Amino acid sequence: MSTGAPFWDRKYGRPEYVYGTEPNRFLVDHVTGCLKPGGEVLTLGEGEGRNAVWLAGQGYVVTAVDYSRPALEKLHILARSQGVEVCSYLSDVMDFELGEARWDAVVLLHMHLPPRTRSLLHRRIVKALCPAGVLFLEALRCDQFGRRSGGPERSELFYSAETLRRDFHDLAISRLVEEDRFIESGEHRGWTSVINFIARK
């Protein structure tokens, strides 16, 4: 989410699911080992719902936030097709009230904000996690800049290990991995430089 809502409304207004309907692989590989079913999970910048719907299918109570109405409409179509429920809010993540000690987990996947805004959101996430709550974060790292497989057009929107260590120094980090992975998620296809991060309050 590095551009405004009209851009994403146009993108998500297409009939197909822009990034597919399969959940993020990093999330699938790690969430069940870190979080028991039944927990309350907040997904920020959720888009068309592929991750929120998968989480609901695993037995989590999921709240999804995105500021694109077409995206959330597709989220609920996908949820109905899978026989699950997801609570959603149409909101910019910076306007959404995260609360304090509210969530068993927060999921933040591939949302690239300007540095000052990003740091502010990260501080709010730390406050919003329950004691022992878990943050799952994956983003594009600096090596992705300029690659054809996608990503922001401004270098400062990418993530680094140093950024994550600084912003989440109050959390206990259990995973901080930089890797190149072949991603096939709808229109996003190709070798991609990512950083993934798991930390507990």
# chains A, B, ... in the order shown; residues from 1 in each chain; ligands from 1
call {"tool": "select_by_dssp", "arguments": {"residues": "range 65-192 of chain A", "states": "alpha helix (DSSP H)", "output": "PyMOL selection string"}}
result
chain A and resi 69-82+115-128+161-167
call {"tool": "write_last_selection", "arguments": {"atoms": "N, CA and C atoms", "output": "short mmCIF file (atom, residue, chain, number, x, y, z; two decimals), in the first residue's frame"}}
result
data_model
loop_
_atom_site.label_atom_id
_atom_site.label_comp_id
_atom_site.auth_asym_id
_atom_site.auth_seq_id
_atom_site.Cartn_x
_atom_site.Cartn_y
_atom_site.Cartn_z
N ARG A 69 -12.56 -0.79 -1.24
CA ARG A 69 -13.86 -1.45 -1.16
C ARG A 69 -13.96 -2.66 -2.11
N PRO A 70 -13.53 -2.56 -3.38
CA PRO A 70 -13.59 -3.74 -4.24
C PRO A 70 -12.80 -4.92 -3.68
N ALA A 71 -11.67 -4.65 -3.03
CA ALA A 71 -10.89 -5.73 -2.44
C ALA A 71 -11.68 -6.45 -1.36
N LEU A 72 -12.31 -5.70 -0.47
CA LEU A 72 -13.07 -6.32 0.61
C LEU A 72 -14.31 -7.03 0.10
N GLU A 73 -14.92 -6.52 -0.95
CA GLU A 73 -16.05 -7.23 -1.55
C GLU A 73 -15.61 -8.60 -2.06
N LYS A 74 -14.43 -8.66 -2.68
CA LYS A 74 -13.91 -9.94 -3.16
C LYS A 74 -13.51 -10.84 -2.00
N LEU A 75 -13.02 -10.23 -0.92
CA LEU A 75 -12.70 -11.01 0.29
C LEU A 75 -13.93 -11.79 0.75
N HIS A 76 -15.07 -11.13 0.83
CA HIS A 76 -16.26 -11.79 1.36
C HIS A 76 -16.82 -12.82 0.37
N ILE A 77 -16.64 -12.58 -0.92
CA ILE A 77 -17.02 -13.60 -1.91
C ILE A 77 -16.16 -14.85 -1.69
N LEU A 78 -14.88 -14.65 -1.51
CA LEU A 78 -13.97 -15.79 -1.28
C LEU A 78 -14.30 -16.48 0.04
N ALA A 79 -14.59 -15.71 1.08
CA ALA A 79 -14.93 -16.32 2.38
C ALA A 79 -16.19 -17.18 2.26
N ARG A 80 -17.21 -16.67 1.58
CA ARG A 80 -18.44 -17.46 1.41
C ARG A 80 -18.17 -18.74 0.64
N SER A 81 -17.30 -18.66 -0.35
CA SER A 81 -17.00 -19.86 -1.14
C SER A 81 -16.28 -20.91 -0.32
N GLN A 82 -15.60 -20.48 0.75
CA GLN A 82 -14.87 -21.40 1.61
C GLN A 82 -15.64 -21.75 2.88
N PRO A 115 8.85 5.52 5.22
CA PRO A 115 9.55 5.17 6.48
C PRO A 115 8.92 5.72 7.74
N ARG A 116 8.56 6.99 7.77
CA ARG A 116 8.00 7.56 9.00
C ARG A 116 6.66 6.91 9.33
N THR A 117 5.80 6.74 8.33
CA THR A 117 4.50 6.12 8.54
C THR A 117 4.67 4.67 8.97
N ARG A 118 5.58 3.98 8.33
CA ARG A 118 5.85 2.58 8.65
C ARG A 118 6.28 2.43 10.11
N SER A 119 7.20 3.27 10.57
CA SER A 119 7.68 3.17 11.96
C SER A 119 6.55 3.44 12.95
N LEU A 120 5.70 4.40 12.62
CA LEU A 120 4.57 4.69 13.49
C LEU A 120 3.62 3.49 13.57
N LEU A 121 3.32 2.90 12.43
CA LEU A 121 2.45 1.72 12.42
C LEU A 121 3.08 0.59 13.22
N HIS A 122 4.37 0.38 13.06
CA HIS A 122 5.04 -0.69 13.80
C HIS A 122 4.93 -0.48 15.30
N ARG A 123 5.09 0.75 15.77
CA ARG A 123 4.95 1.02 17.20
C ARG A 123 3.53 0.73 17.68
N ARG A 124 2.55 1.08 16.87
CA ARG A 124 1.16 0.80 17.23
C ARG A 124 0.88 -0.69 17.27
N ILE A 125 1.50 -1.45 16.38
CA ILE A 125 1.32 -2.90 16.38
C ILE A 125 1.85 -3.51 17.67
N VAL A 126 3.02 -3.06 18.12
CA VAL A 126 3.58 -3.59 19.36
C VAL A 126 2.61 -3.38 20.51
N LYS A 127 2.02 -2.21 20.62
CA LYS A 127 1.06 -1.92 21.67
C LYS A 127 -0.21 -2.77 21.52
N ALA A 128 -0.59 -3.06 20.29
CA ALA A 128 -1.84 -3.77 20.03
C ALA A 128 -1.77 -5.26 20.33
N ALA A 161 16.63 -5.75 7.40
CA ALA A 161 16.74 -6.38 8.72
C ALA A 161 16.96 -5.32 9.79
N GLU A 162 17.75 -4.31 9.48
CA GLU A 162 18.04 -3.25 10.45
C GLU A 162 16.76 -2.50 10.84
N THR A 163 15.91 -2.24 9.85
CA THR A 163 14.64 -1.56 10.11
C THR A 163 13.79 -2.37 11.07
N LEU A 164 13.69 -3.66 10.84
CA LEU A 164 12.85 -4.51 11.67
C LEU A 164 13.41 -4.65 13.09
N ARG A 165 14.71 -4.80 13.20
CA ARG A 165 15.31 -4.89 14.55
C ARG A 165 15.07 -3.60 15.33
N ARG A 166 15.19 -2.48 14.65
CA ARG A 166 14.99 -1.19 15.33
C ARG A 166 13.54 -0.98 15.72
N ASP A 167 12.63 -1.20 14.79
CA ASP A 167 11.22 -0.90 15.04
C ASP A 167 10.60 -1.85 16.05
#
call {"tool": "residues_around", "arguments": {"residues": "Gly45 in chain A", "least_positions_apart": "6", "cutoff": "9 Å", "atoms": "only C-alpha atoms", "output": "tab-separated table (two decimals) with C-alpha atoms, in the first residue's frame"}}
result
chain	number	residue	atom	x	y	z
A	1	MET	CA	0.00	0.00	0.00
A	64	ALA	CA	-9.18	-7.79	8.08
A	65	VAL	CA	-8.47	-4.14	7.30
A	66	ASP	CA	-8.04	-2.60	3.86
A	67	TYR	CA	-8.94	0.71	2.27
A	92	ASP	CA	-6.62	3.15	5.93
A	93	VAL	CA	-4.50	1.16	8.37
A	108	LEU	CA	1.45	-7.63	7.93
A	109	LEU	CA	2.32	-8.94	4.48
A	110	HIS	CA	3.82	-6.95	1.60
A	111	MET	CA	2.56	-3.54	2.67
call {"tool": "residues_around", "arguments": {"residues": "Glu178 in chain A", "least_positions_apart": "6", "cutoff": "10 Å", "atoms": "only C-alpha atoms", "output": "list in words"}}
result
Glu138, Ala139, Leu140, Arg141, Asp143, Ser160, Ala161, Ser193, Val194, Ile195, Asn196 and Phe197 of chain A
call {"tool": "write_last_selection", "arguments": {"atoms": "N, CA and C atoms", "output": "short mmCIF file (atom, residue, chain, number, x, y, z; two decimals), in the first residue's frame"}}
result
data_model
loop_
_atom_site.label_atom_id
_atom_site.label_comp_id
_atom_site.auth_asym_id
_atom_site.auth_seq_id
_atom_site.Cartn_x
_atom_site.Cartn_y
_atom_site.Cartn_z
N GLU A 138 5.99 -10.18 6.36
CA GLU A 138 6.84 -10.44 5.19
C GLU A 138 6.75 -9.24 4.27
N ALA A 139 7.89 -8.85 3.71
CA ALA A 139 7.94 -7.70 2.82
C ALA A 139 9.06 -7.88 1.82
N LEU A 140 9.08 -7.01 0.84
CA LEU A 140 10.16 -7.00 -0.13
C LEU A 140 11.35 -6.26 0.47
N ARG A 141 12.53 -6.80 0.25
CA ARG A 141 13.72 -6.15 0.78
C ARG A 141 14.43 -5.36 -0.32
N ASP A 143 17.03 -5.54 -2.10
CA ASP A 143 17.55 -6.19 -3.31
C ASP A 143 16.49 -6.37 -4.39
N SER A 160 14.37 -3.69 5.47
CA SER A 160 15.69 -4.24 5.76
C SER A 160 15.67 -4.87 7.14
N ALA A 161 16.63 -5.75 7.40
CA ALA A 161 16.74 -6.38 8.72
C ALA A 161 16.96 -5.32 9.79
N SER A 193 13.01 -11.01 -3.91
CA SER A 193 13.82 -10.84 -2.71
C SER A 193 12.91 -10.41 -1.56
N VAL A 194 12.77 -11.28 -0.57
CA VAL A 194 11.86 -11.00 0.54
C VAL A 194 12.61 -11.06 1.87
N ILE A 195 11.99 -10.47 2.86
CA ILE A 195 12.45 -10.62 4.24
C ILE A 195 11.23 -11.06 5.04
N ASN A 196 11.39 -12.11 5.83
CA ASN A 196 10.27 -12.51 6.67
C ASN A 196 10.68 -12.55 8.13
N PHE A 197 9.67 -12.28 8.97
CA PHE A 197 9.97 -11.88 10.35
C PHE A 197 8.85 -12.37 11.26
#
call {"tool": "residues_around", "arguments": {"residues": "range 29-39 of chain A", "least_positions_apart": "6", "cutoff": "10 Å", "atoms": "only C-alpha atoms", "output": "ChimeraX atom specification"}}
result
/A:55-62,103-105,107,132-136,174-175,198-200
call {"tool": "write_last_selection", "arguments": {"atoms": "N, CA and C atoms", "output": "PDB file, in the first residue's frame"}}
result
ATOM      1  N   LEU A  55      -6.715 -18.115   7.094  1.00  0.00           N
ATOM      2  CA  LEU A  55      -6.611 -18.122   8.554  1.00  0.00           C
ATOM      3  C   LEU A  55      -7.943 -18.500   9.201  1.00  0.00           C
ATOM      4  N   ALA A  56      -9.036 -17.958   8.695  1.00  0.00           N
ATOM      5  CA  ALA A  56     -10.350 -18.313   9.226  1.00  0.00           C
ATOM      6  C   ALA A  56     -10.617 -19.799   9.059  1.00  0.00           C
ATOM      7  N   GLY A  57     -10.170 -20.358   7.953  1.00  0.00           N
ATOM      8  CA  GLY A  57     -10.338 -21.782   7.716  1.00  0.00           C
ATOM      9  C   GLY A  57      -9.524 -22.659   8.646  1.00  0.00           C
ATOM     10  N   GLN A  58      -8.493 -22.085   9.256  1.00  0.00           N
ATOM     11  CA  GLN A  58      -7.668 -22.824  10.223  1.00  0.00           C
ATOM     12  C   GLN A  58      -8.197 -22.696  11.647  1.00  0.00           C
ATOM     13  N   GLY A  59      -9.292 -21.980  11.822  1.00  0.00           N
ATOM     14  CA  GLY A  59      -9.907 -21.870  13.135  1.00  0.00           C
ATOM     15  C   GLY A  59      -9.604 -20.603  13.893  1.00  0.00           C
ATOM     16  N   TYR A  60      -9.009 -19.607  13.237  1.00  0.00           N
ATOM     17  CA  TYR A  60      -8.734 -18.327  13.891  1.00  0.00           C
ATOM     18  C   TYR A  60      -9.910 -17.365  13.707  1.00  0.00           C
ATOM     19  N   VAL A  61     -10.049 -16.451  14.631  1.00  0.00           N
ATOM     20  CA  VAL A  61     -11.054 -15.390  14.540  1.00  0.00           C
ATOM     21  C   VAL A  61     -10.365 -14.199  13.881  1.00  0.00           C
ATOM     22  N   VAL A  62     -10.760 -13.874  12.666  1.00  0.00           N
ATOM     23  CA  VAL A  62      -9.966 -12.975  11.830  1.00  0.00           C
ATOM     24  C   VAL A  62     -10.695 -11.658  11.588  1.00  0.00           C
ATOM     25  N   TRP A 103      -4.771  -8.174  20.340  1.00  0.00           N
ATOM     26  CA  TRP A 103      -4.722  -9.234  19.337  1.00  0.00           C
ATOM     27  C   TRP A 103      -3.711 -10.321  19.709  1.00  0.00           C
ATOM     28  N   ASP A 104      -4.117 -11.575  19.458  1.00  0.00           N
ATOM     29  CA  ASP A 104      -3.184 -12.694  19.649  1.00  0.00           C
ATOM     30  C   ASP A 104      -2.129 -12.720  18.556  1.00  0.00           C
ATOM     31  N   ALA A 105      -2.474 -12.200  17.393  1.00  0.00           N
ATOM     32  CA  ALA A 105      -1.504 -12.099  16.303  1.00  0.00           C
ATOM     33  C   ALA A 105      -1.880 -10.963  15.384  1.00  0.00           C
ATOM     34  N   VAL A 107      -0.894  -9.757  11.373  1.00  0.00           N
ATOM     35  CA  VAL A 107      -0.298 -10.207  10.111  1.00  0.00           C
ATOM     36  C   VAL A 107      -0.119  -8.992   9.215  1.00  0.00           C
ATOM     37  N   ALA A 132       2.400 -12.147  24.912  1.00  0.00           N
ATOM     38  CA  ALA A 132       2.714 -13.362  24.145  1.00  0.00           C
ATOM     39  C   ALA A 132       2.127 -13.345  22.738  1.00  0.00           C
ATOM     40  N   GLY A 133       1.550 -12.208  22.312  1.00  0.00           N
ATOM     41  CA  GLY A 133       1.044 -12.103  20.953  1.00  0.00           C
ATOM     42  C   GLY A 133       2.173 -12.117  19.932  1.00  0.00           C
ATOM     43  N   VAL A 134       1.848 -12.535  18.709  1.00  0.00           N
ATOM     44  CA  VAL A 134       2.852 -12.783  17.672  1.00  0.00           C
ATOM     45  C   VAL A 134       2.613 -11.878  16.462  1.00  0.00           C
ATOM     46  N   LEU A 135       3.685 -11.356  15.927  1.00  0.00           N
ATOM     47  CA  LEU A 135       3.658 -10.603  14.671  1.00  0.00           C
ATOM     48  C   LEU A 135       4.252 -11.465  13.564  1.00  0.00           C
ATOM     49  N   PHE A 136       3.501 -11.584  12.468  1.00  0.00           N
ATOM     50  CA  PHE A 136       3.988 -12.243  11.255  1.00  0.00           C
ATOM     51  C   PHE A 136       4.125 -11.172  10.179  1.00  0.00           C
ATOM     52  N   SER A 174      11.957 -14.324  16.784  1.00  0.00           N
ATOM     53  CA  SER A 174      12.210 -15.752  16.604  1.00  0.00           C
ATOM     54  C   SER A 174      12.597 -16.103  15.166  1.00  0.00           C
ATOM     55  N   ARG A 175      12.308 -15.201  14.228  1.00  0.00           N
ATOM     56  CA  ARG A 175      12.701 -15.449  12.835  1.00  0.00           C
ATOM     57  C   ARG A 175      12.950 -14.113  12.147  1.00  0.00           C
ATOM     58  N   ILE A 198       9.231 -13.014  12.343  1.00  0.00           N
ATOM     59  CA  ILE A 198       8.273 -13.432  13.376  1.00  0.00           C
ATOM     60  C   ILE A 198       8.827 -12.963  14.721  1.00  0.00           C
ATOM     61  N   ALA A 199       7.974 -12.324  15.499  1.00  0.00           N
ATOM     62  CA  ALA A 199       8.410 -11.845  16.812  1.00  0.00           C
ATOM     63  C   ALA A 199       7.237 -11.918  17.774  1.00  0.00           C
ATOM     64  N   ARG A 200       7.574 -12.127  19.050  1.00  0.00           N
ATOM     65  CA  ARG A 200       6.552 -12.305  20.078  1.00  0.00           C
ATOM     66  C   ARG A 200       6.712 -11.252  21.166  1.00  0.00           C
TER      67      ARG A 200
END
call {"tool": "closest_residue", "arguments": {"among": "A:Thr43, A:Ala172, A:Ser68, A:Asp180", "to": "Lys11 in chain A", "atoms": "only C-alpha atoms"}}
result
A:Ser68
call {"tool": "atom_distance", "arguments": {"atom1": "CA of Ser91 in chain A", "atom2": "CA of Leu129 in chain A"}}
result
19.4 Å
call {"tool": "atom_distance", "arguments": {"atom1": "CA of Asn24 in chain A", "atom2": "CA of Tyr12 in chain A"}}
result
17.7 Å
call {"tool": "select_by_dssp", "arguments": {"residues": "range 10-159 of chain A", "states": "strand (DSSP E)", "output": "ChimeraX atom specification"}}
result
/A:40-44,61-66,87-90,103-109,129-140
call {"tool": "write_last_selection", "arguments": {"atoms": "C-alpha atoms", "output": "PDB file, in the first residue's frame"}}
result
ATOM      1  CA  GLU A  40      -7.897 -13.395  17.407  1.00  0.00           C
ATOM      2  CA  VAL A  41      -5.862 -12.339  14.389  1.00  0.00           C
ATOM      3  CA  LEU A  42      -5.690  -8.928  12.733  1.00  0.00           C
ATOM      4  CA  THR A  43      -4.570  -8.733   9.101  1.00  0.00           C
ATOM      5  CA  LEU A  44      -3.587  -5.266   7.886  1.00  0.00           C
ATOM      6  CA  VAL A  61     -11.054 -15.390  14.540  1.00  0.00           C
ATOM      7  CA  VAL A  62      -9.966 -12.975  11.830  1.00  0.00           C
ATOM      8  CA  THR A  63     -10.399  -9.240  11.384  1.00  0.00           C
ATOM      9  CA  ALA A  64      -9.178  -7.789   8.080  1.00  0.00           C
ATOM     10  CA  VAL A  65      -8.475  -4.139   7.300  1.00  0.00           C
ATOM     11  CA  ASP A  66      -8.042  -2.605   3.857  1.00  0.00           C
ATOM     12  CA  CYS A  87     -14.837  -9.457   9.928  1.00  0.00           C
ATOM     13  CA  SER A  88     -13.626  -6.600   7.729  1.00  0.00           C
ATOM     14  CA  TYR A  89     -13.147  -2.853   8.031  1.00  0.00           C
ATOM     15  CA  LEU A  90     -12.847  -0.398   5.155  1.00  0.00           C
ATOM     16  CA  TRP A 103      -4.722  -9.234  19.337  1.00  0.00           C
ATOM     17  CA  ASP A 104      -3.184 -12.694  19.649  1.00  0.00           C
ATOM     18  CA  ALA A 105      -1.504 -12.099  16.303  1.00  0.00           C
ATOM     19  CA  VAL A 106      -1.032  -9.352  13.748  1.00  0.00           C
ATOM     20  CA  VAL A 107      -0.298 -10.207  10.111  1.00  0.00           C
ATOM     21  CA  LEU A 108       1.446  -7.633   7.928  1.00  0.00           C
ATOM     22  CA  LEU A 109       2.322  -8.940   4.477  1.00  0.00           C
ATOM     23  CA  LEU A 129      -0.442  -7.253  20.612  1.00  0.00           C
ATOM     24  CA  CYS A 130      -1.602  -9.196  23.651  1.00  0.00           C
ATOM     25  CA  PRO A 131       1.054 -10.481  26.050  1.00  0.00           C
ATOM     26  CA  ALA A 132       2.714 -13.362  24.145  1.00  0.00           C
ATOM     27  CA  GLY A 133       1.044 -12.103  20.953  1.00  0.00           C
ATOM     28  CA  VAL A 134       2.852 -12.783  17.672  1.00  0.00           C
ATOM     29  CA  LEU A 135       3.658 -10.603  14.671  1.00  0.00           C
ATOM     30  CA  PHE A 136       3.988 -12.243  11.255  1.00  0.00           C
ATOM     31  CA  LEU A 137       5.567  -9.907   8.705  1.00  0.00           C
ATOM     32  CA  GLU A 138       6.844 -10.444   5.185  1.00  0.00           C
ATOM     33  CA  ALA A 139       7.940  -7.696   2.818  1.00  0.00           C
ATOM     34  CA  LEU A 140      10.157  -6.997  -0.130  1.00  0.00           C
TER      35      LEU A 140
END
call {"tool": "atom_distance", "arguments": {"atom1": "CA of Arg50 in chain A", "atom2": "CA of Arg14 in chain A"}}
result
15.7 Å
call {"tool": "decode", "arguments": {"residues": "range 92-148 of chain A", "atoms": "C-alpha atoms", "output": "tab-separated table (two decimals), in the first residue's frame"}}
result
chain	number	residue	atom	x	y	z
A	92	ASP	CA	-6.62	3.15	5.93
A	93	VAL	CA	-4.50	1.16	8.37
A	94	MET	CA	-3.23	4.40	9.91
A	95	ASP	CA	-6.80	5.45	10.73
A	96	PHE	CA	-7.89	2.10	12.13
A	97	GLU	CA	-7.90	1.84	15.92
A	98	LEU	CA	-5.66	-1.14	16.69
A	99	GLY	CA	-6.31	-1.01	20.43
A	100	GLU	CA	-3.92	-2.05	23.18
A	101	ALA	CA	-3.16	-5.64	24.21
A	102	ARG	CA	-5.98	-6.63	21.83
A	103	TRP	CA	-4.72	-9.23	19.34
A	104	ASP	CA	-3.18	-12.69	19.65
A	105	ALA	CA	-1.50	-12.10	16.30
A	106	VAL	CA	-1.03	-9.35	13.75
A	107	VAL	CA	-0.30	-10.21	10.11
A	108	LEU	CA	1.45	-7.63	7.93
A	109	LEU	CA	2.32	-8.94	4.48
A	110	HIS	CA	3.82	-6.95	1.60
A	111	MET	CA	2.56	-3.54	2.67
A	112	HIS	CA	5.14	-0.90	1.85
A	113	LEU	CA	4.69	2.46	3.52
A	114	PRO	CA	6.94	5.54	3.71
A	115	PRO	CA	9.55	5.17	6.48
A	116	ARG	CA	8.00	7.56	9.00
A	117	THR	CA	4.50	6.12	8.54
A	118	ARG	CA	5.85	2.58	8.65
A	119	SER	CA	7.68	3.17	11.96
A	120	LEU	CA	4.57	4.69	13.49
A	121	LEU	CA	2.45	1.72	12.42
A	122	HIS	CA	5.04	-0.69	13.80
A	123	ARG	CA	4.95	1.02	17.20
A	124	ARG	CA	1.16	0.80	17.23
A	125	ILE	CA	1.32	-2.90	16.38
A	126	VAL	CA	3.58	-3.59	19.36
A	127	LYS	CA	1.06	-1.92	21.67
A	128	ALA	CA	-1.84	-3.77	20.03
A	129	LEU	CA	-0.44	-7.25	20.61
A	130	CYS	CA	-1.60	-9.20	23.65
A	131	PRO	CA	1.05	-10.48	26.05
A	132	ALA	CA	2.71	-13.36	24.14
A	133	GLY	CA	1.04	-12.10	20.95
A	134	VAL	CA	2.85	-12.78	17.67
A	135	LEU	CA	3.66	-10.60	14.67
A	136	PHE	CA	3.99	-12.24	11.26
A	137	LEU	CA	5.57	-9.91	8.70
A	138	GLU	CA	6.84	-10.44	5.19
A	139	ALA	CA	7.94	-7.70	2.82
A	140	LEU	CA	10.16	-7.00	-0.13
A	141	ARG	CA	13.72	-6.15	0.78
A	142	CYS	CA	16.07	-3.67	-0.85
A	143	ASP	CA	17.55	-6.19	-3.31
A	144	GLN	CA	14.13	-6.36	-5.00
A	145	PHE	CA	14.35	-2.76	-6.19
A	146	GLY	CA	14.20	-2.65	-10.00
A	147	ARG	CA	13.42	-6.34	-10.52
A	148	ARG	CA	10.69	-7.23	-12.98
